[in-house]
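Structure file entry_31.txt; described as compact mmCIF, C-alpha atoms and all ligand atoms.
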# COMPACT_ATOMS: atom_id res chain seq x y z
CA MET Y 1 73.85 100.22 57.98
CA THR Y 2 74.78 102.07 61.13
CA LYS Y 3 73.22 100.55 64.25
CA THR Y 4 72.71 102.06 67.68
CA ILE Y 5 74.25 99.71 70.20
CA ALA Y 6 74.12 99.74 74.00
CA ILE Y 7 76.95 97.81 75.61
CA LEU Y 8 76.47 96.94 79.27
CA GLY Y 9 79.68 96.32 81.20
CA ALA Y 10 82.75 98.44 80.57
CA GLY Y 11 85.24 95.79 81.65
CA ALA Y 12 87.89 94.22 79.41
CA TRP Y 13 85.41 92.44 77.12
CA GLY Y 14 82.67 95.11 76.94
CA THR Y 15 85.25 97.77 76.05
CA THR Y 16 86.87 95.58 73.38
CA LEU Y 17 83.50 94.77 71.79
CA ALA Y 18 82.57 98.46 71.90
CA ASN Y 19 85.76 99.31 70.01
CA LEU Y 20 85.09 96.62 67.38
CA ALA Y 21 81.59 98.00 66.75
CA ARG Y 22 82.83 101.62 66.68
CA ALA Y 23 85.51 100.66 64.15
CA ASN Y 24 82.62 99.54 61.90
CA ASP Y 25 81.01 103.00 62.30
CA HIS Y 26 78.22 101.96 64.66
CA GLN Y 27 76.94 104.29 67.36
CA VAL Y 28 77.96 102.75 70.65
CA ARG Y 29 76.90 103.77 74.15
CA LEU Y 30 78.77 102.02 76.96
CA TRP Y 31 77.23 101.56 80.42
CA SER Y 32 78.82 100.54 83.69
CA ARG Y 33 78.05 101.19 87.34
CA GLN Y 34 81.05 103.56 87.40
CA GLY Y 35 80.09 105.52 84.28
CA ASP Y 36 78.29 108.87 83.81
CA LEU Y 37 75.41 107.61 81.63
CA SER Y 38 72.26 106.16 83.16
CA LEU Y 39 71.11 102.67 82.14
CA GLU Y 40 67.86 104.21 80.90
CA ASP Y 41 69.71 106.64 78.57
CA VAL Y 42 72.05 103.93 77.29
CA VAL Y 43 69.39 101.38 76.33
CA LYS Y 44 66.81 103.91 75.05
CA ASN Y 45 66.22 103.38 71.29
CA ALA Y 46 69.13 100.92 71.08
CA GLU Y 47 68.70 98.42 68.25
CA ILE Y 48 71.09 96.07 69.99
CA VAL Y 49 71.69 95.71 73.74
CA LEU Y 50 74.86 93.70 74.37
CA SER Y 51 75.70 92.50 77.88
CA ALA Y 52 79.32 91.87 78.83
CA ILE Y 53 78.56 91.95 82.56
CA SER Y 54 80.21 89.41 84.87
CA MET Y 55 77.87 86.51 85.67
CA LYS Y 56 77.19 87.68 89.21
CA GLY Y 57 75.55 90.87 87.91
CA VAL Y 58 73.54 89.53 84.97
CA GLN Y 59 70.22 88.80 86.69
CA ASP Y 60 70.08 92.18 88.46
CA VAL Y 61 71.09 94.12 85.36
CA ALA Y 62 68.53 92.25 83.22
CA LEU Y 63 65.82 93.21 85.73
CA SER Y 64 67.00 96.84 85.68
CA VAL Y 65 66.88 96.90 81.87
CA LYS Y 66 63.35 95.52 82.06
CA SER Y 67 62.26 98.63 83.91
CA CYS Y 68 63.77 100.86 81.15
CA GLN Y 69 62.18 101.82 77.85
CA VAL Y 70 63.31 99.20 75.32
CA SER Y 71 62.14 99.10 71.70
CA PRO Y 72 60.13 95.93 70.83
CA GLN Y 73 62.63 95.18 68.00
CA THR Y 74 65.74 95.37 70.17
CA ILE Y 75 68.06 92.38 69.82
CA PHE Y 76 69.76 91.25 73.03
CA VAL Y 77 73.30 89.90 72.77
CA THR Y 78 75.04 88.15 75.66
CA ALA Y 79 78.82 87.78 75.84
CA THR Y 80 79.04 86.59 79.47
CA LYS Y 81 80.57 83.14 80.14
CA GLY Y 82 79.07 81.74 83.33
CA LEU Y 83 76.15 80.06 85.11
CA ASP Y 84 73.82 81.69 87.62
CA ALA Y 85 74.68 80.48 91.13
CA LYS Y 86 71.06 80.44 92.33
CA THR Y 87 69.18 79.07 89.32
CA THR Y 88 72.03 77.40 87.32
CA ARG Y 89 70.67 79.28 84.25
CA THR Y 90 72.93 80.46 81.45
CA PRO Y 91 73.05 84.21 80.73
CA SER Y 92 71.02 83.81 77.52
CA GLN Y 93 68.34 81.92 79.46
CA ILE Y 94 68.18 84.82 81.91
CA TRP Y 95 67.86 87.43 79.15
CA GLN Y 96 65.29 85.34 77.28
CA THR Y 97 63.23 84.85 80.45
CA GLU Y 98 63.15 88.58 81.14
CA PHE Y 99 62.54 89.48 77.46
CA PRO Y 100 60.50 86.56 76.06
CA ASP Y 101 59.38 88.48 72.94
CA HIS Y 102 62.88 89.58 71.89
CA SER Y 103 65.60 87.78 69.95
CA VAL Y 104 68.57 86.77 72.08
CA VAL Y 105 71.98 86.12 70.48
CA VAL Y 106 74.97 84.50 72.20
CA LEU Y 107 78.43 85.80 71.23
CA SER Y 108 81.24 83.43 72.22
CA GLY Y 109 84.53 82.12 70.87
CA PRO Y 110 88.29 81.99 71.43
CA ASN Y 111 88.46 85.68 72.22
CA LEU Y 112 91.14 86.76 74.66
CA SER Y 113 90.25 90.46 74.77
CA GLU Y 114 93.83 91.60 75.20
CA GLU Y 115 94.86 90.11 71.84
CA ILE Y 116 91.82 91.58 70.07
CA SER Y 117 92.58 95.02 71.57
CA GLN Y 118 96.05 94.76 70.07
CA GLY Y 119 94.49 94.26 66.61
CA LEU Y 120 95.45 90.59 66.36
CA PRO Y 121 93.08 88.46 64.22
CA ALA Y 122 90.37 86.38 65.88
CA ALA Y 123 87.15 84.56 65.07
CA THR Y 124 83.93 84.19 67.04
CA VAL Y 125 80.42 82.74 66.85
CA VAL Y 126 77.04 84.46 67.14
CA ALA Y 127 74.27 81.97 67.86
CA SER Y 128 70.52 82.34 68.05
CA LYS Y 129 67.27 80.52 67.41
CA ASN Y 130 66.53 83.55 65.21
CA THR Y 131 68.97 83.33 62.26
CA ALA Y 132 68.15 86.85 61.04
CA ALA Y 133 69.07 88.31 64.43
CA ALA Y 134 72.37 86.39 64.46
CA GLN Y 135 73.11 87.73 60.96
CA VAL Y 136 72.50 91.32 62.10
CA VAL Y 137 75.02 90.86 64.92
CA GLN Y 138 77.44 89.13 62.50
CA GLN Y 139 77.40 92.22 60.27
CA VAL Y 140 77.87 94.59 63.19
CA PHE Y 141 81.14 93.00 64.36
CA SER Y 142 82.67 91.44 61.22
CA SER Y 143 85.91 92.97 59.97
CA GLY Y 144 89.27 92.06 58.47
CA ARG Y 145 90.50 91.40 62.00
CA PHE Y 146 87.38 89.77 63.52
CA ARG Y 147 85.70 86.93 61.62
CA VAL Y 148 82.18 86.17 62.83
CA TYR Y 149 80.29 82.92 62.13
CA THR Y 150 76.58 82.33 62.77
CA ASN Y 151 75.27 79.23 64.54
CA SER Y 152 71.80 77.96 65.51
CA ASP Y 153 72.71 76.30 68.85
CA PRO Y 154 72.87 79.22 71.34
CA VAL Y 155 72.99 77.04 74.45
CA GLY Y 156 75.79 74.91 72.96
CA VAL Y 157 77.82 77.98 71.99
CA GLU Y 158 77.28 79.53 75.40
CA LEU Y 159 78.15 76.36 77.32
CA GLY Y 160 81.36 75.86 75.33
CA GLY Y 161 82.58 79.27 76.53
CA THR Y 162 81.40 78.68 80.07
CA LEU Y 163 82.52 75.10 80.74
CA LYS Y 164 86.02 75.57 79.32
CA ASN Y 165 86.81 78.05 82.09
CA VAL Y 166 86.96 75.17 84.60
CA MET Y 167 89.29 73.27 82.27
CA ALA Y 168 91.41 76.43 81.95
CA ILE Y 169 91.90 76.42 85.74
CA ALA Y 170 92.94 72.76 85.54
CA SER Y 171 95.31 73.56 82.64
CA GLY Y 172 96.91 76.35 84.63
CA VAL Y 173 97.53 73.85 87.44
CA CYS Y 174 98.99 71.39 84.91
CA ASP Y 175 101.43 74.00 83.56
CA GLY Y 176 102.16 75.37 87.02
CA LEU Y 177 103.20 71.89 88.15
CA HIS Y 178 105.29 71.51 84.93
CA LEU Y 179 103.57 68.22 84.06
CA GLY Y 180 104.54 68.39 80.39
CA THR Y 181 102.88 68.39 76.98
CA ASN Y 182 101.50 64.84 77.15
CA ALA Y 183 99.69 65.57 80.38
CA LYS Y 184 98.26 68.80 78.99
CA ALA Y 185 97.00 67.07 75.83
CA ALA Y 186 95.37 64.36 77.95
CA LEU Y 187 93.76 66.93 80.24
CA VAL Y 188 92.34 69.10 77.46
CA THR Y 189 91.05 66.10 75.50
CA ARG Y 190 89.39 64.48 78.52
CA GLY Y 191 88.18 67.97 79.46
CA LEU Y 192 86.38 68.22 76.13
CA THR Y 193 84.77 64.81 76.75
CA GLU Y 194 83.56 66.07 80.12
CA ILE Y 195 82.25 69.32 78.60
CA ILE Y 196 80.29 67.35 75.99
CA ARG Y 197 78.88 64.99 78.63
CA ILE Y 198 77.41 67.79 80.73
CA GLY Y 199 76.63 70.02 77.75
CA LYS Y 200 74.37 67.37 76.22
CA VAL Y 201 72.44 67.01 79.48
CA LEU Y 202 71.97 70.81 79.54
CA GLY Y 203 70.52 70.82 76.03
CA ALA Y 204 73.50 71.51 73.72
CA LYS Y 205 74.29 69.74 70.44
CA THR Y 206 77.45 67.64 70.54
CA GLU Y 207 78.85 69.00 67.25
CA THR Y 208 78.80 72.57 68.57
CA PHE Y 209 81.54 71.64 71.05
CA TYR Y 210 83.88 70.72 68.17
CA GLY Y 211 83.63 74.27 66.78
CA LEU Y 212 85.16 77.64 67.62
CA SER Y 213 83.05 78.22 70.73
CA GLY Y 214 83.91 74.77 72.13
CA LEU Y 215 87.23 73.24 71.14
CA GLY Y 216 88.44 76.62 69.81
CA ASP Y 217 87.90 78.45 73.08
CA LEU Y 218 89.17 75.47 75.08
CA LEU Y 219 92.49 75.55 73.19
CA ALA Y 220 92.86 79.33 73.49
CA THR Y 221 92.05 79.55 77.16
CA CYS Y 222 93.91 76.42 78.29
CA ASN Y 223 97.11 77.58 76.59
CA SER Y 224 97.28 81.29 77.35
CA PRO Y 225 98.68 83.09 80.38
CA LEU Y 226 96.37 85.95 79.28
CA SER Y 227 93.42 83.87 80.54
CA ARG Y 228 92.42 84.81 84.07
CA ASN Y 229 91.07 81.30 84.66
CA TYR Y 230 94.38 79.76 83.56
CA GLN Y 231 96.14 82.21 85.89
CA VAL Y 232 94.03 81.03 88.84
CA GLY Y 233 95.17 77.44 88.26
CA TYR Y 234 98.79 78.37 87.56
CA GLN Y 235 99.06 80.41 90.74
CA LEU Y 236 97.30 77.75 92.85
CA ALA Y 237 99.98 75.33 91.68
CA SER Y 238 102.65 77.77 92.84
CA GLY Y 239 101.19 77.64 96.37
CA LYS Y 240 99.16 80.86 96.52
CA THR Y 241 95.69 80.78 98.11
CA LEU Y 242 92.58 81.50 96.04
CA THR Y 243 91.95 84.66 98.09
CA GLU Y 244 95.45 85.96 97.35
CA ILE Y 245 95.09 85.15 93.65
CA LEU Y 246 91.69 86.78 93.22
CA ALA Y 247 92.88 89.89 95.06
CA SER Y 248 95.51 90.59 92.40
CA LEU Y 249 93.74 89.16 89.33
CA PRO Y 250 92.91 91.72 86.63
CA GLY Y 251 89.16 91.17 86.12
CA THR Y 252 86.80 88.24 86.41
CA ALA Y 253 87.67 84.50 86.51
CA GLU Y 254 84.22 82.99 85.95
CA GLY Y 255 85.48 79.40 86.26
CA VAL Y 256 85.61 79.64 90.06
CA ASN Y 257 81.86 80.20 90.35
CA THR Y 258 81.05 77.98 87.35
CA CYS Y 259 82.84 75.07 89.02
CA GLN Y 260 80.59 75.33 92.09
CA VAL Y 261 77.43 75.45 89.96
CA LEU Y 262 78.62 72.46 87.95
CA MET Y 263 79.20 70.42 91.09
CA GLN Y 264 75.63 71.17 92.15
CA ILE Y 265 74.33 70.06 88.71
CA SER Y 266 76.52 66.95 88.69
CA GLN Y 267 75.21 65.87 92.10
CA GLU Y 268 71.56 66.60 91.23
CA GLN Y 269 71.75 64.86 87.86
CA ASN Y 270 74.32 62.20 88.68
CA ILE Y 271 76.78 63.21 85.92
CA THR Y 272 80.39 62.05 86.19
CA MET Y 273 82.73 65.06 86.00
CA PRO Y 274 86.10 63.98 87.41
CA ILE Y 275 88.17 66.99 86.30
CA THR Y 276 85.55 69.49 87.45
CA GLU Y 277 85.33 67.64 90.78
CA GLN Y 278 89.08 67.88 91.36
CA VAL Y 279 89.11 71.58 90.42
CA TYR Y 280 86.26 72.10 92.88
CA ARG Y 281 88.08 70.24 95.67
CA LEU Y 282 91.24 72.22 94.94
CA LEU Y 283 89.39 75.55 95.08
CA GLU Y 284 87.81 74.42 98.38
CA THR Y 285 91.30 73.46 99.70
CA GLN Y 286 90.14 69.85 100.15
CA VAL Y 287 93.09 68.61 98.04
CA THR Y 288 96.50 69.91 97.01
CA PRO Y 289 97.31 70.23 93.28
CA LYS Y 290 99.46 67.09 93.51
CA GLN Y 291 96.67 65.12 95.23
CA ALA Y 292 94.18 66.26 92.56
CA LEU Y 293 96.55 64.94 89.88
CA ASP Y 294 96.89 61.58 91.66
CA GLU Y 295 93.11 61.28 92.05
CA LEU Y 296 92.66 61.76 88.30
CA MET Y 297 95.47 59.42 87.28
CA LEU Y 298 94.40 56.61 89.61
CA ARG Y 299 90.70 56.48 88.75
CA ASP Y 300 89.32 53.06 87.74
CA THR Y 301 90.61 51.88 84.38
CA LYS Y 302 88.05 51.94 81.58
CA PRO Y 303 87.53 52.19 77.82
CA GLU Y 304 87.97 55.59 76.12
CA TYR Y 305 84.37 56.74 75.74
CA HIS Y 306 84.19 60.08 74.00
CA GLN Y 307 80.88 61.18 75.45
N1 LIG H 1 88.06 89.44 78.93
C1 LIG H 1 87.93 88.51 78.01
O1 LIG H 1 88.89 88.17 77.31
C2 LIG H 1 86.61 87.87 77.78
C3 LIG H 1 85.62 87.86 78.73
N2 LIG H 1 84.44 87.21 78.51
C4 LIG H 1 83.39 87.19 79.51
O2 LIG H 1 82.83 88.49 79.64
C5 LIG H 1 82.39 88.72 80.99
C6 LIG H 1 83.05 89.99 81.50
O3 LIG H 1 84.44 89.76 81.48
P1 LIG H 1 85.49 90.95 81.57
O4 LIG H 1 85.01 92.14 80.83
O5 LIG H 1 86.79 90.40 81.21
O6 LIG H 1 85.44 91.23 83.13
P2 LIG H 1 85.83 92.54 83.90
O7 LIG H 1 86.03 92.11 85.30
O8 LIG H 1 86.90 93.27 83.19
O9 LIG H 1 84.49 93.44 83.80
C7 LIG H 1 83.30 92.99 84.36
C8 LIG H 1 82.21 93.99 84.09
O10 LIG H 1 81.01 93.50 84.72
C9 LIG H 1 80.49 94.52 85.55
N3 LIG H 1 79.82 93.97 86.71
C10 LIG H 1 80.27 93.03 87.57
N4 LIG H 1 79.35 92.79 88.52
C11 LIG H 1 78.31 93.61 88.26
C12 LIG H 1 77.07 93.85 88.88
N5 LIG H 1 76.71 93.16 89.99
N6 LIG H 1 76.24 94.75 88.35
C13 LIG H 1 76.59 95.42 87.25
N7 LIG H 1 77.76 95.26 86.61
C14 LIG H 1 78.60 94.35 87.11
C15 LIG H 1 81.69 95.34 85.95
O11 LIG H 1 81.21 96.59 86.33
P3 LIG H 1 82.05 97.59 87.27
O12 LIG H 1 83.14 98.10 86.40
O13 LIG H 1 81.05 98.61 87.63
O14 LIG H 1 82.55 96.77 88.43
C16 LIG H 1 82.48 95.37 84.66
O15 LIG H 1 81.96 96.33 83.77
C17 LIG H 1 82.79 87.44 81.77
O16 LIG H 1 81.66 86.61 81.86
C18 LIG H 1 83.88 86.81 80.90
O17 LIG H 1 83.93 85.41 81.07
C19 LIG H 1 84.19 86.59 77.32
C20 LIG H 1 85.14 86.59 76.34
C21 LIG H 1 86.42 87.22 76.47
O1 LIG H 2 86.89 83.64 77.55
C1 LIG H 2 88.01 84.03 77.33
C2 LIG H 2 88.70 83.75 76.07
O2 LIG H 2 87.83 83.28 75.09
C3 LIG H 2 88.73 84.80 78.37
O3 LIG H 2 89.25 83.91 79.28
P1 LIG H 2 89.46 84.33 80.80
O4 LIG H 2 88.10 84.79 81.29
O5 LIG H 2 89.97 83.11 81.45
O6 LIG H 2 90.44 85.45 80.79

Show this structure as structure tokens.
Ligand SMILES: NC(=O)C1=CN([C@@H]2O[C@H](COP(=O)(O)OP(=O)(O)OC[C@H]3O[C@@H](n4cnc5c(N)ncnc54)[C@H](OP(=O)(O)O)[C@@H]3O)[C@@H](O)[C@H]2O)C=CC1
Ligand SMILES: O=C(CO)COP(=O)(O)O
Amino acid sequence: MTKTIAILGAGAWGTTLANLARANDHQVRLWSRQGDLSLEDVVKNAEIVLSAISMKGVQDVALSVKSCQVSPQTIFVTATKGLDAKTTRTPSQIWQTEFPDHSVVVLSGPNLSEEISQGLPAATVVASKNTAAAQVVQQVFSSGRFRVYTNSDPVGVELGGTLKNVMAIASGVCDGLHLGTNAKAALVTRGLTEIIRIGKVLGAKTETFYGLSGLGDLLATCNSPLSRNYQVGYQLASGKTLTEILASLPGTAEGVNTCQVLMQISQEQNITMPITEQVYRLLETQVTPKQALDELMLRDTKPEYHQ
């Protein structure tokens, strides 16, 4: 059945998702600050409102949507991968707080938008406490080129996509320093352990991190030069400053902000996050890439805990 869908954010991901929905014959209205349509007109009568806004804009946009006319049945979908700098909330927690009576669905997976725009096959996850709402969103986007799975752990799915961005920066550094395949495997594996450690504290289920939205997205983003987060790390390793890198980066690298929020959480909750800490110190120019590597390699010896 044809759905009326409002997509907020006409960046790389919002545009790609709009095209996937249009290819399935849905009526899509795309909103961005630059566009001609008003937010009110875009969300009016929409059965689904999907946000692909960068993290820094989510809270303000959610408040603006709240002042628009939204149908009581509207399903909210969030495709943003980040954490709010002020409140440390996830995007789905922000949408759910502003719209407590609506279903909120998280869409996240190994989804480099550039590949999907080229028609290459990909899979993703739609997660919600409301299974029926997740199934509606599954039907909207599923196609022979985009395989969509449902999941009942929205926070876990969302955190997988968010936390891996910090590991993608670290992986870019690893490749930029030409540290080899063994080092990369060690980094990504210990990165997953770190993601699970913090994810559990933030309310996610461990098994979710072994799925598409966790391990899947970690593998995609840590191994692709198409990832903006990977590019940040790679270019830091080549000696560029963060300011120079961000000035020429096409689009948003959420891992930079996420890393700061994670450091705040790790200090408040006393969670050990060695890779995140070194990425943070690197972004703050407190260490060089080589010093960050040495810090990680020379930590106290210990057994291989997985969580
Ligand atoms: N690109 C990808 O491959 C994927 C991206 N994501 C996630 O999707 C989100 C968006 O990424 P992407 O589309 O690539 O990023 P882009 O930088 O291409 O686009 C960001 C979008 O967010 C909007 N935006 C930013 N700040 C604000 C604000 N304060 N108020 C309103 N709108 C704002 C921009 O609007 P404007 O044009 O007006 O500046 C733009 O439409 C990120 O969280 C990213 O992690 C998830 C999966 C895949
Ligand atoms: O989330 C992504 C792939 O799943 C996109 O990664 P980047 O934001 O690093 O480009």

Open item on the list: Between atom C3 of ligand LIG 1 (chain H) and CA of Thr285 (chain Y), what distance in Å does the model show, to one decimal?
Closed with: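 Between atom C3 of ligand LIG 1 (chain H) and CA of Thr285 (chain Y) the gap is 26.1 Å.
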
Given 8 Å and only C-alpha atoms and all ligand atoms, residues near ligand LIG 1 (chain H) as a tab-separated table (two decimals) with C-alpha atoms, keeping the file's coordinate frame:
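Result file follows (result.tsv):
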chain	number	residue	atom	x	y	z
Y	8	LEU	CA	76.47	96.94	79.27
Y	9	GLY	CA	79.68	96.32	81.20
Y	10	ALA	CA	82.75	98.44	80.57
Y	11	GLY	CA	85.24	95.79	81.65
Y	12	ALA	CA	87.89	94.22	79.41
Y	13	TRP	CA	85.41	92.44	77.12
Y	14	GLY	CA	82.67	95.11	76.94
Y	15	THR	CA	85.25	97.77	76.05
Y	31	TRP	CA	77.23	101.56	80.42
Y	32	SER	CA	78.82	100.54	83.69
Y	33	ARG	CA	78.05	101.19	87.34
Y	34	GLN	CA	81.05	103.56	87.40
Y	35	GLY	CA	80.09	105.52	84.28
Y	52	ALA	CA	79.32	91.87	78.83
Y	53	ILE	CA	78.56	91.95	82.56
Y	54	SER	CA	80.21	89.41	84.87
Y	55	MET	CA	77.87	86.51	85.67
Y	56	LYS	CA	77.19	87.68	89.21
Y	57	GLY	CA	75.55	90.87	87.91
Y	58	VAL	CA	73.54	89.53	84.97
Y	60	ASP	CA	70.08	92.18	88.46
Y	61	VAL	CA	71.09	94.12	85.36
Y	79	ALA	CA	78.82	87.78	75.84
Y	80	THR	CA	79.04	86.59	79.47
Y	81	LYS	CA	80.57	83.14	80.14
Y	82	GLY	CA	79.07	81.74	83.33
Y	108	SER	CA	81.24	83.43	72.22
Y	109	GLY	CA	84.53	82.12	70.87
Y	110	PRO	CA	88.29	81.99	71.43
Y	111	ASN	CA	88.46	85.68	72.22
Y	112	LEU	CA	91.14	86.76	74.66
Y	113	SER	CA	90.25	90.46	74.77
Y	114	GLU	CA	93.83	91.60	75.20
Y	161	GLY	CA	82.58	79.27	76.53
Y	162	THR	CA	81.40	78.68	80.07
Y	165	ASN	CA	86.81	78.05	82.09
Y	227	SER	CA	93.42	83.87	80.54
Y	250	PRO	CA	92.91	91.72	86.63
Y	251	GLY	CA	89.16	91.17	86.12
Y	252	THR	CA	86.80	88.24	86.41
Y	253	ALA	CA	87.67	84.50	86.51
Y	254	GLU	CA	84.22	82.99	85.95

Open item on the list: Env of region 148-157 of chain Y: 9 Å cut, atoms = all atoms listed in the file, seq-sep filter 5 positions within chain, self excluded. Answer as a count of residues only.
Closed with: 42

TODO: Can you work out the spacing between CA of Ala183 (chain Y) and CA of Leu296 (chain Y) in Å, to one decimal?
DONE: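 Interatomic distance here is 11.3 Å.
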
TODO: Report the distance between CA of Asn182 (chain Y) and atom O4 of ligand LIG 2 (chain H) in Å, rounded to one decimal place.
DONE: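 Spanning CA of Asn182 (chain Y) to atom O4 of ligand LIG 2 (chain H) is a straight-line distance of 24.4 Å.
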
Open item on the list: Applying 8 Å and all atoms listed in the file, which residues near region 265-272 of chain Y remain after dropping the ones on its own chain fewer than 2 positions away? List them as number ranges by chain.
Closed with: Y: 88, 194, 197-198, 261-263, 274

Open item on the list: Ranking Y:Lys86, Y:Leu39, Y:Val279, Y:Cys68 by minimum distance to Gly172 (chain Y) and counting all atoms listed in the file, which one comes first?
Closed with: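 Closest to Gly172 (chain Y), using all atoms listed in the file: Y:Val279.
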